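Participant: Sharing data.tsv, TSV, C-alpha atoms:
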chain	number	residue	atom	x	y	z
A	1	MET	CA	-39.30	119.07	-127.05
A	2	ALA	CA	-42.24	117.06	-128.36
A	3	GLU	CA	-42.87	116.98	-132.09
A	4	ASP	CA	-46.34	118.54	-131.79
A	5	THR	CA	-45.08	121.62	-129.96
A	6	THR	CA	-45.98	124.87	-131.75
A	7	THR	CA	-42.99	126.99	-132.78
A	8	ALA	CA	-43.08	130.77	-132.69
A	9	PRO	CA	-43.27	132.23	-136.22
A	10	ASP	CA	-40.24	134.06	-137.57
A	11	THR	CA	-42.21	136.32	-139.93
A	12	VAL	CA	-43.48	138.90	-137.42
A	13	ASP	CA	-41.98	142.40	-137.55
A	14	PRO	CA	-39.51	142.82	-134.65
A	15	SER	CA	-39.63	146.62	-135.02
A	16	ASP	CA	-43.17	146.61	-133.61
A	17	PRO	CA	-43.04	144.64	-130.35
A	18	VAL	CA	-46.79	144.62	-129.71
A	19	ALA	CA	-47.54	143.29	-133.19
A	20	ALA	CA	-44.69	140.79	-132.95
A	21	PHE	CA	-45.73	139.32	-129.62
A	22	SER	CA	-49.43	139.48	-130.50
A	23	GLY	CA	-48.68	137.46	-133.61
A	24	ILE	CA	-46.98	134.83	-131.47
A	25	ARG	CA	-49.88	134.84	-128.99
A	26	GLU	CA	-52.42	134.14	-131.69
A	27	VAL	CA	-50.48	131.09	-132.87
A	28	ALA	CA	-50.89	129.25	-129.56
A	29	ALA	CA	-51.09	129.70	-125.78
A	30	ALA	CA	-47.58	128.23	-125.49
A	31	VAL	CA	-45.00	128.40	-128.26
A	32	GLU	CA	-41.50	127.02	-128.61
A	33	ILE	CA	-38.69	129.60	-128.63
A	34	PRO	CA	-34.91	129.19	-128.94
A	35	LEU	CA	-32.79	130.07	-125.92
A	36	GLU	CA	-29.24	130.88	-126.96
A	37	VAL	CA	-26.26	131.07	-124.62
A	38	PRO	CA	-22.67	131.63	-125.83
A	39	GLY	CA	-20.69	128.40	-125.82
A	40	MET	CA	-23.73	126.15	-125.48
A	41	PRO	CA	-26.03	124.43	-127.95
A	42	THR	CA	-29.29	126.27	-128.53
A	43	GLN	CA	-31.89	125.06	-126.06
A	44	GLN	CA	-35.58	125.04	-126.82
A	45	GLY	CA	-37.79	126.72	-124.26
A	46	LEU	CA	-41.41	127.83	-124.21
A	47	MET	CA	-43.17	131.15	-123.92
A	48	VAL	CA	-46.68	131.26	-122.48
A	49	THR	CA	-48.52	133.98	-124.37
A	50	ARG	CA	-52.12	134.34	-123.21
A	51	HIS	CA	-53.39	136.10	-120.11
A	52	ALA	CA	-55.22	133.20	-118.48
A	53	GLU	CA	-52.42	130.72	-119.06
A	54	VAL	CA	-49.73	133.14	-117.81
A	55	ARG	CA	-51.70	133.77	-114.61
A	56	ALA	CA	-52.16	130.04	-114.09
A	57	MET	CA	-48.47	129.32	-114.70
A	58	LEU	CA	-47.35	131.98	-112.19
A	59	THR	CA	-49.35	130.32	-109.41
A	60	ASP	CA	-48.43	126.71	-110.28
A	61	ASP	CA	-45.75	125.44	-107.88
A	62	ARG	CA	-44.67	122.83	-110.42
A	63	PHE	CA	-42.86	125.72	-112.12
A	64	ARG	CA	-39.81	126.67	-110.08
A	65	HIS	CA	-38.26	130.11	-110.15
A	66	ASP	CA	-35.04	128.72	-108.70
A	67	ALA	CA	-33.21	126.73	-111.37
A	68	ALA	CA	-31.04	125.15	-108.68
A	69	ALA	CA	-34.13	123.17	-107.61
A	70	VAL	CA	-34.43	121.59	-111.08
A	71	PRO	CA	-31.36	119.48	-111.96
A	72	GLU	CA	-32.07	119.58	-115.68
A	73	ALA	CA	-32.05	123.39	-115.69
A	74	GLU	CA	-29.29	124.49	-113.33
A	75	ASN	CA	-26.36	124.13	-115.74
A	76	PHE	CA	-28.10	126.12	-118.47
A	77	LEU	CA	-28.90	128.97	-116.10
A	78	ARG	CA	-25.35	129.15	-114.73
A	79	ASN	CA	-23.95	129.36	-118.25
A	80	ALA	CA	-26.51	132.03	-119.15
A	81	GLN	CA	-25.51	134.15	-116.16
A	82	THR	CA	-21.84	133.92	-117.10
A	83	GLY	CA	-22.07	134.02	-120.90
A	84	LEU	CA	-24.87	136.54	-121.42
A	85	ILE	CA	-24.58	138.84	-118.42
A	86	GLY	CA	-21.03	138.24	-117.24
A	87	LEU	CA	-21.76	137.60	-113.57
A	88	PRO	CA	-18.53	136.08	-112.22
A	89	GLU	CA	-18.78	132.55	-110.87
A	90	ASP	CA	-17.25	133.53	-107.53
A	91	LEU	CA	-20.27	135.72	-106.72
A	92	GLU	CA	-22.61	132.88	-105.88
A	93	LEU	CA	-24.78	135.19	-103.80
A	94	LEU	CA	-25.89	137.13	-106.89
A	95	ARG	CA	-26.57	133.97	-108.87
A	96	ARG	CA	-29.36	132.72	-106.62
A	97	PRO	CA	-31.10	135.89	-105.48
A	98	MET	CA	-33.94	136.28	-103.01
A	99	LEU	CA	-36.29	137.17	-105.85
A	100	GLY	CA	-35.53	133.82	-107.45
A	101	ARG	CA	-36.19	131.48	-104.52
A	102	ASP	CA	-39.29	129.33	-104.10
A	103	GLY	CA	-41.63	128.17	-101.36
A	104	GLU	CA	-40.89	128.82	-97.70
A	105	ASP	CA	-37.34	129.97	-98.46
A	106	HIS	CA	-38.73	132.77	-100.62
A	107	ALA	CA	-41.53	133.55	-98.14
A	108	ARG	CA	-39.03	133.83	-95.27
A	109	LEU	CA	-36.94	136.40	-97.12
A	110	ARG	CA	-39.93	138.30	-98.45
A	111	ARG	CA	-41.41	138.69	-94.96
A	112	LEU	CA	-38.25	140.47	-93.82
A	113	VAL	CA	-38.71	143.30	-96.31
A	114	SER	CA	-42.44	143.39	-97.00
A	115	ARG	CA	-43.17	145.88	-94.19
A	116	ALA	CA	-41.12	148.50	-96.01
A	117	PHE	CA	-43.45	148.26	-99.02
A	118	THR	CA	-46.90	148.16	-97.44
A	119	VAL	CA	-49.50	150.54	-98.83
A	120	ARG	CA	-49.49	152.44	-95.54
A	121	ARG	CA	-45.71	152.88	-95.56
A	122	VAL	CA	-45.73	153.85	-99.24
A	123	ASN	CA	-48.49	156.42	-98.66
A	124	GLY	CA	-46.34	157.88	-95.89
A	125	LEU	CA	-43.55	158.38	-98.41
A	126	ARG	CA	-45.72	160.42	-100.79
A	127	PRO	CA	-44.74	163.86	-99.40
A	128	ARG	CA	-41.07	162.98	-99.74
A	129	VAL	CA	-41.59	161.72	-103.30
A	130	GLY	CA	-43.41	164.96	-104.09
A	131	ALA	CA	-40.56	167.03	-102.67
A	132	ILE	CA	-37.98	165.12	-104.76
A	133	VAL	CA	-40.08	165.63	-107.88
A	134	ASP	CA	-40.64	169.33	-107.23
A	135	GLY	CA	-36.90	169.90	-106.82
A	136	LEU	CA	-36.09	168.12	-110.06
A	137	LEU	CA	-38.84	169.97	-111.92
A	138	ASP	CA	-37.29	173.24	-110.76
A	139	ASP	CA	-34.07	172.10	-112.45
A	140	VAL	CA	-36.00	171.10	-115.58
A	141	ALA	CA	-37.71	174.50	-115.70
A	142	ALA	CA	-34.39	176.33	-115.38
A	143	ALA	CA	-32.70	174.19	-118.04
A	144	GLY	CA	-35.53	174.65	-120.54
A	145	ALA	CA	-36.53	178.25	-119.83
A	146	ASP	CA	-34.86	179.61	-122.98
A	147	GLY	CA	-36.37	176.97	-125.24
A	148	THR	CA	-33.45	174.55	-124.95
A	149	PRO	CA	-34.64	170.91	-125.15
A	150	VAL	CA	-34.42	168.99	-121.87
A	151	ASP	CA	-33.81	165.22	-121.80
A	152	LEU	CA	-36.41	163.85	-119.39
A	153	VAL	CA	-34.69	160.46	-119.19
A	154	GLU	CA	-31.63	162.02	-117.58
A	155	ALA	CA	-33.37	164.89	-115.81
A	156	LEU	CA	-36.39	163.10	-114.33
A	157	ALA	CA	-37.16	159.49	-115.25
A	158	TYR	CA	-34.04	158.04	-113.62
A	159	PRO	CA	-33.29	160.54	-110.83
A	160	VAL	CA	-36.70	160.18	-109.14
A	161	PRO	CA	-36.88	156.41	-108.62
A	162	ILE	CA	-33.16	156.19	-107.84
A	163	ALA	CA	-33.52	158.83	-105.13
A	164	VAL	CA	-36.65	157.25	-103.66
A	165	ILE	CA	-35.46	153.65	-103.46
A	166	CYS	CA	-31.98	154.64	-102.28
A	167	GLU	CA	-33.46	156.72	-99.47
A	168	LEU	CA	-35.77	153.85	-98.54
A	169	VAL	CA	-32.96	151.28	-98.54
A	170	GLY	CA	-30.27	153.55	-97.12
A	171	VAL	CA	-27.86	154.19	-100.02
A	172	PRO	CA	-26.03	157.55	-99.69
A	173	GLU	CA	-26.62	160.06	-102.47
A	174	ALA	CA	-22.92	160.11	-103.40
A	175	ASP	CA	-23.01	156.39	-104.24
A	176	ARG	CA	-26.06	156.33	-106.50
A	177	ASP	CA	-24.31	156.64	-109.88
A	178	ARG	CA	-22.60	153.27	-109.37
A	179	TRP	CA	-26.02	151.64	-108.83
A	180	ARG	CA	-27.25	152.98	-112.13
A	181	GLU	CA	-24.12	151.67	-113.88
A	182	PHE	CA	-24.69	148.20	-112.43
A	183	ALA	CA	-28.37	148.27	-113.42
A	184	ARG	CA	-27.47	149.34	-116.96
A	185	LEU	CA	-25.17	146.32	-117.33
A	186	LEU	CA	-27.97	143.99	-116.26
A	187	VAL	CA	-30.30	145.47	-118.89
A	188	GLN	CA	-27.68	146.01	-121.61
A	189	PRO	CA	-25.11	143.32	-120.83
A	190	ASP	CA	-21.39	143.81	-121.32
A	191	PRO	CA	-19.83	140.55	-120.07
A	192	GLY	CA	-16.36	142.07	-120.27
A	193	ARG	CA	-17.14	144.87	-117.81
A	194	MET	CA	-19.61	143.13	-115.55
A	195	PRO	CA	-17.18	141.10	-113.35
A	196	ASP	CA	-15.33	144.15	-112.03
A	197	VAL	CA	-18.53	146.17	-111.62
A	198	ALA	CA	-20.34	143.31	-109.84
A	199	ARG	CA	-17.45	142.65	-107.45
A	200	GLY	CA	-17.21	146.36	-106.74
A	201	MET	CA	-20.94	146.50	-106.04
A	202	VAL	CA	-20.74	143.63	-103.54
A	203	ALA	CA	-17.79	145.27	-101.77
A	204	HIS	CA	-19.71	148.56	-101.69
A	205	VAL	CA	-22.77	146.89	-100.12
A	206	ARG	CA	-20.61	145.21	-97.48
A	207	ASP	CA	-19.23	148.65	-96.61
A	208	LEU	CA	-22.78	150.01	-96.28
A	209	ILE	CA	-23.70	147.12	-94.00
A	210	GLU	CA	-20.75	147.80	-91.72
A	211	ALA	CA	-21.65	151.48	-91.63
A	212	ARG	CA	-25.19	150.61	-90.49
A	213	ARG	CA	-23.80	148.31	-87.81
A	214	ARG	CA	-21.82	151.22	-86.43
A	215	GLU	CA	-24.60	153.76	-86.85
A	216	PRO	CA	-28.15	152.45	-87.50
A	217	ALA	CA	-30.62	154.71	-89.31
A	218	ASP	CA	-34.33	154.69	-90.13
A	219	ASP	CA	-33.99	152.71	-93.34
A	220	LEU	CA	-34.51	149.22	-94.70
A	221	LEU	CA	-30.83	148.30	-94.61
A	222	SER	CA	-30.61	149.02	-90.87
A	223	GLY	CA	-33.60	146.76	-90.30
A	224	LEU	CA	-32.06	143.95	-92.31
A	225	VAL	CA	-28.74	144.29	-90.49
A	226	ALA	CA	-30.59	144.05	-87.17
A	227	ALA	CA	-32.49	140.96	-88.36
A	228	HIS	CA	-29.20	139.28	-89.29
A	229	ASP	CA	-27.31	140.28	-86.16
A	230	GLU	CA	-30.12	139.35	-83.78
A	231	ASP	CA	-30.91	136.02	-85.41
A	232	GLY	CA	-28.65	134.76	-88.18
A	233	ASP	CA	-31.07	131.94	-88.94
A	234	ARG	CA	-33.54	134.50	-90.29
A	235	LEU	CA	-31.08	136.12	-92.69
A	236	SER	CA	-27.56	135.04	-93.57
A	237	GLU	CA	-24.77	137.50	-94.40
A	238	GLN	CA	-24.85	136.50	-98.05
A	239	GLU	CA	-28.63	136.92	-98.19
A	240	LEU	CA	-28.28	140.35	-96.60
A	241	VAL	CA	-25.92	141.49	-99.35
A	242	ASP	CA	-27.97	139.92	-102.12
A	243	MET	CA	-31.26	141.36	-100.88
A	244	THR	CA	-29.80	144.86	-100.71
A	245	VAL	CA	-28.47	144.65	-104.27
A	246	ASN	CA	-31.60	143.16	-105.81
A	247	LEU	CA	-34.14	145.36	-104.04
A	248	THR	CA	-32.28	148.54	-104.89
A	249	VAL	CA	-31.77	147.77	-108.58
A	250	ALA	CA	-35.28	146.38	-109.05
A	251	GLY	CA	-36.63	149.46	-107.27
A	252	PHE	CA	-35.60	152.00	-109.89
A	253	GLU	CA	-34.73	150.47	-113.26
A	254	THR	CA	-38.23	149.38	-114.31
A	255	THR	CA	-39.93	152.46	-112.86
A	256	ALA	CA	-37.60	154.75	-114.79
A	257	HIS	CA	-38.57	152.97	-117.99
A	258	VAL	CA	-42.32	153.38	-117.39
A	259	LEU	CA	-41.83	157.07	-116.58
A	260	ALA	CA	-39.97	157.73	-119.83
A	261	LYS	CA	-42.10	155.54	-122.07
A	262	GLY	CA	-45.32	156.71	-120.40
A	263	THR	CA	-44.42	160.36	-120.95
A	264	LEU	CA	-43.77	159.70	-124.63
A	265	ALA	CA	-47.05	157.79	-124.94
A	266	LEU	CA	-49.05	160.68	-123.47
A	267	LEU	CA	-47.27	163.45	-125.36
A	268	SER	CA	-47.93	161.67	-128.65
A	269	ARG	CA	-51.61	161.16	-127.75
A	270	PRO	CA	-52.95	164.67	-127.07
A	271	ASP	CA	-56.52	163.50	-126.41
A	272	GLU	CA	-55.40	161.18	-123.60
A	273	LEU	CA	-53.20	163.87	-122.05
A	274	ALA	CA	-56.05	166.40	-122.28
A	275	ALA	CA	-58.35	163.99	-120.46
A	276	LEU	CA	-55.89	163.70	-117.57
A	277	ARG	CA	-55.43	167.45	-117.35
A	278	ALA	CA	-59.20	167.94	-117.32
A	279	ASP	CA	-59.82	165.25	-114.70
A	280	PRO	CA	-56.87	164.46	-112.41
A	281	GLN	CA	-59.00	161.77	-110.71
A	282	LEU	CA	-58.17	159.60	-113.73
A	283	TRP	CA	-54.49	159.30	-112.77
A	284	PRO	CA	-54.69	156.07	-110.71
A	285	THR	CA	-56.38	154.17	-113.55
A	286	ALA	CA	-54.13	155.86	-116.10
A	287	VAL	CA	-51.07	154.54	-114.26
A	288	HIS	CA	-52.37	150.98	-114.53
A	289	GLU	CA	-52.97	151.54	-118.24
A	290	LEU	CA	-49.44	152.88	-118.72
A	291	VAL	CA	-47.98	149.88	-116.90
A	292	ARG	CA	-50.07	147.57	-119.10
A	293	THR	CA	-49.06	149.20	-122.37
A	294	CYS	CA	-45.58	150.59	-121.63
A	295	GLY	CA	-44.16	148.00	-119.24
A	296	PRO	CA	-40.43	147.40	-119.57
A	297	ILE	CA	-40.44	143.59	-119.48
A	298	PRO	CA	-41.78	141.60	-122.47
A	299	ALA	CA	-41.36	138.31	-120.62
A	300	GLY	CA	-40.78	137.57	-116.97
A	301	ALA	CA	-37.91	135.58	-115.54
A	302	PRO	CA	-38.01	131.95	-116.69
A	303	ARG	CA	-39.61	129.27	-114.59
A	304	TYR	CA	-38.44	125.67	-114.84
A	305	ALA	CA	-40.73	122.67	-115.04
A	306	ALA	CA	-40.01	120.43	-112.04
A	307	GLU	CA	-41.81	117.52	-113.69
A	308	ASP	CA	-43.37	116.56	-117.01
A	309	LEU	CA	-46.58	118.55	-117.49
A	310	GLU	CA	-48.73	120.39	-120.03
A	311	ILE	CA	-49.78	123.96	-120.74
A	312	ALA	CA	-53.00	124.28	-122.75
A	313	GLY	CA	-52.29	120.90	-124.31
A	314	THR	CA	-48.63	121.65	-125.05
A	315	PRO	CA	-46.26	119.10	-123.48
A	316	VAL	CA	-43.60	120.57	-121.16
A	317	PRO	CA	-40.82	118.10	-120.26
A	318	ALA	CA	-39.15	118.39	-116.87
A	319	GLY	CA	-36.35	120.97	-116.88
A	320	THR	CA	-37.84	123.09	-119.68
A	321	ALA	CA	-37.38	126.83	-119.28
A	322	VAL	CA	-40.78	128.50	-119.59
A	323	LEU	CA	-41.13	132.26	-119.94
A	324	PRO	CA	-44.30	134.07	-118.83
A	325	GLY	CA	-45.13	136.34	-121.76
A	326	LEU	CA	-46.16	139.51	-119.92
A	327	LEU	CA	-46.42	141.70	-123.02
A	328	PRO	CA	-48.59	139.39	-125.12
A	329	ALA	CA	-50.74	138.65	-122.05
A	330	ASN	CA	-51.25	142.35	-121.36
A	331	PHE	CA	-52.43	142.90	-124.93
A	332	ASP	CA	-54.61	139.78	-125.02
A	333	PRO	CA	-58.00	140.65	-126.62
A	334	ARG	CA	-59.56	137.80	-124.63
A	335	VAL	CA	-59.38	139.97	-121.51
A	336	VAL	CA	-58.83	143.56	-122.78
A	337	ASP	CA	-61.14	145.39	-125.16
A	338	ARG	CA	-59.21	147.31	-127.83
A	339	PRO	CA	-55.92	146.15	-126.29
A	340	ASP	CA	-53.69	147.98	-128.78
A	341	GLU	CA	-55.02	151.38	-127.66
A	342	LEU	CA	-53.90	153.46	-124.71
A	343	ASP	CA	-57.06	154.53	-122.87
A	344	VAL	CA	-56.54	156.50	-119.63
A	345	ARG	CA	-60.24	156.05	-118.82
A	346	ARG	CA	-60.03	152.26	-118.99
A	347	ASP	CA	-61.41	150.62	-115.87
A	348	PRO	CA	-59.01	147.80	-114.96
A	349	GLY	CA	-61.92	145.97	-113.33
A	350	ARG	CA	-61.25	143.45	-110.63
A	351	GLY	CA	-57.62	143.54	-109.59
A	352	GLU	CA	-55.21	145.42	-111.81
A	353	GLY	CA	-56.36	144.18	-115.18
A	354	HIS	CA	-52.78	143.48	-116.28
A	355	LEU	CA	-49.70	141.43	-115.40
A	356	GLY	CA	-47.17	144.24	-115.50
A	357	PHE	CA	-46.15	143.55	-111.91
A	358	GLY	CA	-46.35	139.79	-112.26
A	359	HIS	CA	-48.71	137.57	-110.31
A	360	GLY	CA	-48.68	135.06	-107.49
A	361	ALA	CA	-45.97	134.58	-104.87
A	362	HIS	CA	-43.43	136.61	-106.85
A	363	TYR	CA	-45.71	139.61	-107.44
A	364	CYS	CA	-43.56	142.75	-107.41
A	365	LEU	CA	-42.82	143.84	-103.83
A	366	GLY	CA	-42.53	147.47	-104.87
A	367	ALA	CA	-45.66	147.68	-107.03
A	368	ALA	CA	-47.44	150.21	-104.79
A	369	LEU	CA	-44.32	152.39	-104.65
A	370	ALA	CA	-43.84	152.23	-108.42
A	371	ARG	CA	-47.47	153.19	-109.07
A	372	GLN	CA	-47.18	156.12	-106.67
A	373	GLU	CA	-43.98	157.39	-108.28
A	374	VAL	CA	-45.45	157.22	-111.79
A	375	GLU	CA	-48.58	159.08	-110.68
A	376	VAL	CA	-46.72	161.77	-108.71
A	377	VAL	CA	-44.09	162.37	-111.40
A	378	LEU	CA	-46.36	162.46	-114.45
A	379	SER	CA	-49.18	164.44	-112.86
A	380	ALA	CA	-46.71	167.04	-111.55
A	381	LEU	CA	-44.88	167.19	-114.89
A	382	VAL	CA	-47.92	167.88	-117.06
A	383	THR	CA	-49.39	170.32	-114.50
A	384	ARG	CA	-46.16	172.28	-114.06
A	385	PHE	CA	-45.56	172.64	-117.79
A	386	PRO	CA	-48.72	173.41	-119.81
A	387	GLY	CA	-46.53	173.86	-122.89
A	388	LEU	CA	-44.79	170.48	-122.52
A	389	ARG	CA	-44.17	168.96	-125.93
A	390	LEU	CA	-41.74	166.69	-127.75
A	391	ALA	CA	-38.66	168.43	-129.12
A	392	GLU	CA	-39.16	166.42	-132.30
A	393	PRO	CA	-42.90	166.36	-133.04
A	394	ALA	CA	-44.30	162.87	-133.45
A	395	ASP	CA	-45.87	161.85	-136.75
A	396	GLY	CA	-48.53	160.04	-134.74
A	397	PRO	CA	-48.97	158.02	-131.56
A	398	SER	CA	-45.74	156.42	-130.39
A	399	ARG	CA	-45.47	152.64	-130.49
A	400	LEU	CA	-46.51	150.92	-127.33
A	401	GLY	CA	-44.48	148.07	-125.86
A	402	PHE	CA	-41.25	147.62	-123.99
A	403	GLU	CA	-38.62	149.34	-126.16
A	404	ARG	CA	-36.33	151.49	-124.02
A	405	LEU	CA	-35.75	155.16	-124.65
A	406	PRO	CA	-32.11	156.29	-124.47
A	407	ALA	CA	-33.34	159.89	-124.35
A	408	LEU	CA	-36.58	161.89	-124.39
A	409	PRO	CA	-35.91	165.51	-125.42
A	410	VAL	CA	-38.81	167.89	-124.72
A	411	HIS	CA	-39.58	171.58	-124.64
A	412	VAL	CA	-41.05	172.82	-121.38
A	413	ASP	CA	-41.61	176.49	-122.30
A	414	ARG	CA	-44.82	177.67	-123.88
A	415	PRO	CA	-44.77	177.29	-127.68
A	416	PRO	CA	-44.67	180.45	-129.80
A	417	GLY	CA	-48.12	182.00	-129.77
A	418	GLY	CA	-49.16	179.68	-126.93
Just give me the structure as structure tokens.
Facilitator:
Amino acid sequence: MAEDTTTAPDTVDPSDPVAAFSGIREVAAAVEIPLEVPGMPTQQGLMVTRHAEVRAMLTDDRFRHDAAAVPEAENFLRNAQTGLIGLPEDLELLRRPMLGRDGEDHARLRRLVSRAFTVRRVNGLRPRVGAIVDGLLDDVAAAGADGTPVDLVEALAYPVPIAVICELVGVPEADRDRWREFARLLVQPDPGRMPDVARGMVAHVRDLIEARRREPADDLLSGLVAAHDEDGDRLSEQELVDMTVNLTVAGFETTAHVLAKGTLALLSRPDELAALRADPQLWPTAVHELVRTCGPIPAGAPRYAAEDLEIAGTPVPAGTAVLPGLLPANFDPRVVDRPDELDVRRDPGRGEGHLGFGHGAHYCLGAALARQEVEVVLSALVTRFPGLRLAEPADGPSRLGFERLPALPVHVDRPPGG
């Protein structure tokens, strides 16, 4: 890396992610960060930290999502996948996923699944999402009727998006726990366990594919199987397996996080929750604000410079891994007034007003579905339970940012005297 590259400071408080990343953002639009992989020398990468520069980077085709297209980067990525996550080298199909392709290759694969995530199709799913939520809230009400705390992470935040995406894709209910286990290992890596789990997941998906060949259904997997069987040039067998795995995991893990973190944010900010209860028309904008402030991903997947270039005057040699800093960009005071505050009345303005779902060609396929789920779940939750409150009262507003909640215990009965 060039000598005049700005290095991220090491004095920010890591216990407060918004403050930490905001401190980095105010140093420079692009800062040098260490990328560490077991068994390899530390490599210096960059993080882009400001909203305008992140947007520009995500639409610049000189940055490749697919490391295999950048010779200087491929070896580092392969070692990262093995050393950090534990993906076995024999599962090549999971190492170069659909979501990580570029150009026409990516567009070809995206076209095959995009019809399942159109706004019209997602709106058609709303009654089913509502029915799933109502059933789970019945269980929550029963579990908490005597004042016993209920963990909303286990009882609601995960079950809803898992049920919705698995129904959309075509994963049987009995198989859904194994998908959550696989997703957990991607978020909280255990390289020792991952090889067996990943191989088991691939075998499981192949079984699902064969089942759809024998008996097609009205789901995304049946459509993908038909696309492969009718014209293998459109979708290879390996791509079929990979697409099923990636779409299903991506379809619930991040949404579950926003549901849990968003609930905590609202319950620890009574004025914001009261505004939503008084005016339910605020929910669509509130969802955007929750995604902006409670998004699960501090930085998007790395892009790799295909040639020597610059970002805001910072030199970027070919092969450099560059991370789009979604969290610092979403809290950038250059584009958001009072960015460190959660404001359910905030007008996102043109577009979404945030980068929580990415930007450009790799914008999240399931964004409309995720927004709908967050709105349906949270609006139903706070309407169904007027006495909803944290089991352990908060001293003040919860911290915003991406930190994951292992549990969220709440009381759903009316408080004494309430």
Participant: At a cut-off of 10 Å, using all atoms listed in the file, what residues contact Tyr158 (chain A)? Leave out same-chain residues fewer than 2 positions from it and give the result as JSON, numbers by chain.
Facilitator: {"A": [152, 153, 154, 155, 156, 160, 161, 162, 163, 180, 252, 253, 254, 255, 256, 257, 259, 260]}
Participant: What is the CA of Val187 (chain A)-CA of Leu405 (chain A) distance in Å, reported with one decimal?
Facilitator: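 CA of Val187 (chain A) sits 12.5 Å away from CA of Leu405 (chain A).
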Participant: Tell me which of A:Glu289, A:Asp61, A:Asp343, A:Glu104 sits closest to Asn330 (chain A), counting only C-alpha atoms.
Facilitator: A:Glu289
Participant: Measuring between only C-alpha atoms, which one of A:Arg50, A:Arg346, A:Arg303, A:Arg292 shows the shortest distance to Asp102 (chain A)?
Facilitator: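 Result for the nearest residue to Asp102 (chain A): A:Arg303.
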Participant: Expressed in Å to a single decimal, how great is the separation between CA of Leu273 (chain A) and CA of Val382 (chain A)?
Facilitator: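 Taking CA of Leu273 (chain A) as the start and CA of Val382 (chain A) as the end point, the length is 8.3 Å.
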Participant: Pick out the closest residue to Pro298 (chain A) from this set: A:Arg334, A:Arg404, A:Arg111, A:Arg120. Count only C-alpha atoms.
Facilitator: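 Ranking A:Arg334, A:Arg404, A:Arg111, A:Arg120 by distance to Pro298 (chain A), first place goes to A:Arg404.
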Participant: Between CA of Ala198 (chain A) and CA of Arg234 (chain A), measure the distance and give it in Å to one decimal.
Facilitator: 25.2 Å
Participant: Might you pull out every residue within 8 Å of Val122 (chain A), with only C-alpha atoms counted and same-chain residues fewer than 6 positions away left off, and present them as a short mmCIF file (atom, residue, chain, number, x, y, z; two decimals) with C-alpha atoms, in the frame of the given file?
Facilitator:
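Ended up saving to around.cif:
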data_model
loop_
_atom_site.label_atom_id
_atom_site.label_comp_id
_atom_site.auth_asym_id
_atom_site.auth_seq_id
_atom_site.Cartn_x
_atom_site.Cartn_y
_atom_site.Cartn_z
CA ALA A 116 -41.12 148.50 -96.01
CA ALA A 368 -47.44 150.21 -104.79
CA LEU A 369 -44.32 152.39 -104.65
CA GLN A 372 -47.18 156.12 -106.67
#
Participant: Calculated over all atoms listed in the file, which of the candidates A:Pro386, A:Ala28, A:Phe21, A:Arg62 has the smallest distance to Pro317 (chain A)?
Facilitator: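 The shortest atom-to-atom distance to Pro317 (chain A) comes from A:Arg62.
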Participant: Ranking A:Gly349, A:Pro409, A:Gly300, A:Gly366 by minimum distance to Leu58 (chain A) and counting all atoms listed in the file, which one comes first?
Facilitator: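 Among A:Gly349, A:Pro409, A:Gly300, A:Gly366, it is A:Gly300 that comes nearest to Leu58 (chain A).
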Participant: Neighbourhood query: residues within 9 Å of (-40.3, 136.5, -120.8), file coordinates, counting all atoms listed in the file; return as number ranges by chain.
Facilitator: A: 47-48, 297-302, 322-327
Participant: Rank A:Leu400, A:Val335, A:Ala145, A:Ala380 by their smallest atom-to-atom distance to Thr293 (chain A), using all atoms listed in the file, and report the top residue only.
Facilitator: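 Between A:Leu400, A:Val335, A:Ala145, A:Ala380, the residue approaching Thr293 (chain A) most closely is A:Leu400.
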Participant: Place a sphere of radius 9 Å on (-32.8, 153.1, -91.9) in the file coordinates and name every protein, DNA or RNA residue with an atom inside or on its surface, counting all atoms listed in the file; give the answer as a compact mmCIF listing (two decimals) with C-alpha atoms, keeping the file's coordinate frame.
Facilitator:
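Result file follows (point.txt):
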# COMPACT_ATOMS: atom_id res chain seq x y z
CA GLU A 167 -33.46 156.72 -99.47
CA LEU A 168 -35.77 153.85 -98.54
CA VAL A 169 -32.96 151.28 -98.54
CA GLY A 170 -30.27 153.55 -97.12
CA ARG A 212 -25.19 150.61 -90.49
CA PRO A 216 -28.15 152.45 -87.50
CA ALA A 217 -30.62 154.71 -89.31
CA ASP A 218 -34.33 154.69 -90.13
CA ASP A 219 -33.99 152.71 -93.34
CA LEU A 220 -34.51 149.22 -94.70
CA LEU A 221 -30.83 148.30 -94.61
CA SER A 222 -30.61 149.02 -90.87
CA GLY A 223 -33.60 146.76 -90.30
Participant: Give me the residues within 8 Å of Gly360 (chain A) as a JSON list (two decimals) with C-alpha atoms, in the coordinates of the input, counting only C-alpha atoms and dropping any in the same chain fewer than 3 places off.
Facilitator:
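Resulting contents of out.json:
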[["chain", "number", "residue", "atom", "x", "y", "z"],
["A", 55, "ARG", "CA", -51.70, 133.77, -114.61],
["A", 58, "LEU", "CA", -47.35, 131.98, -112.19],
["A", 59, "THR", "CA", -49.35, 130.32, -109.41],
["A", 363, "TYR", "CA", -45.71, 139.61, -107.44]]
Participant: Using all atoms listed in the file, determine which residues lie at most 12 Å from Pro397 (chain A), disregarding the query and same-chain residues fewer than 2 positions distant; provide the list as an MDAnalysis selection string.
Facilitator: chainID A and resid 261:273 340:342 390 393:395 399:400
Participant: Would you mind listing what lies within 12 Å of Phe63 (chain A) as number ranges by chain, with all atoms listed in the file counted and same-chain residues fewer than 6 positions away left out?
Facilitator: A: 54, 56-57, 69-70, 73, 100-103, 301-311, 316-324, 360-361
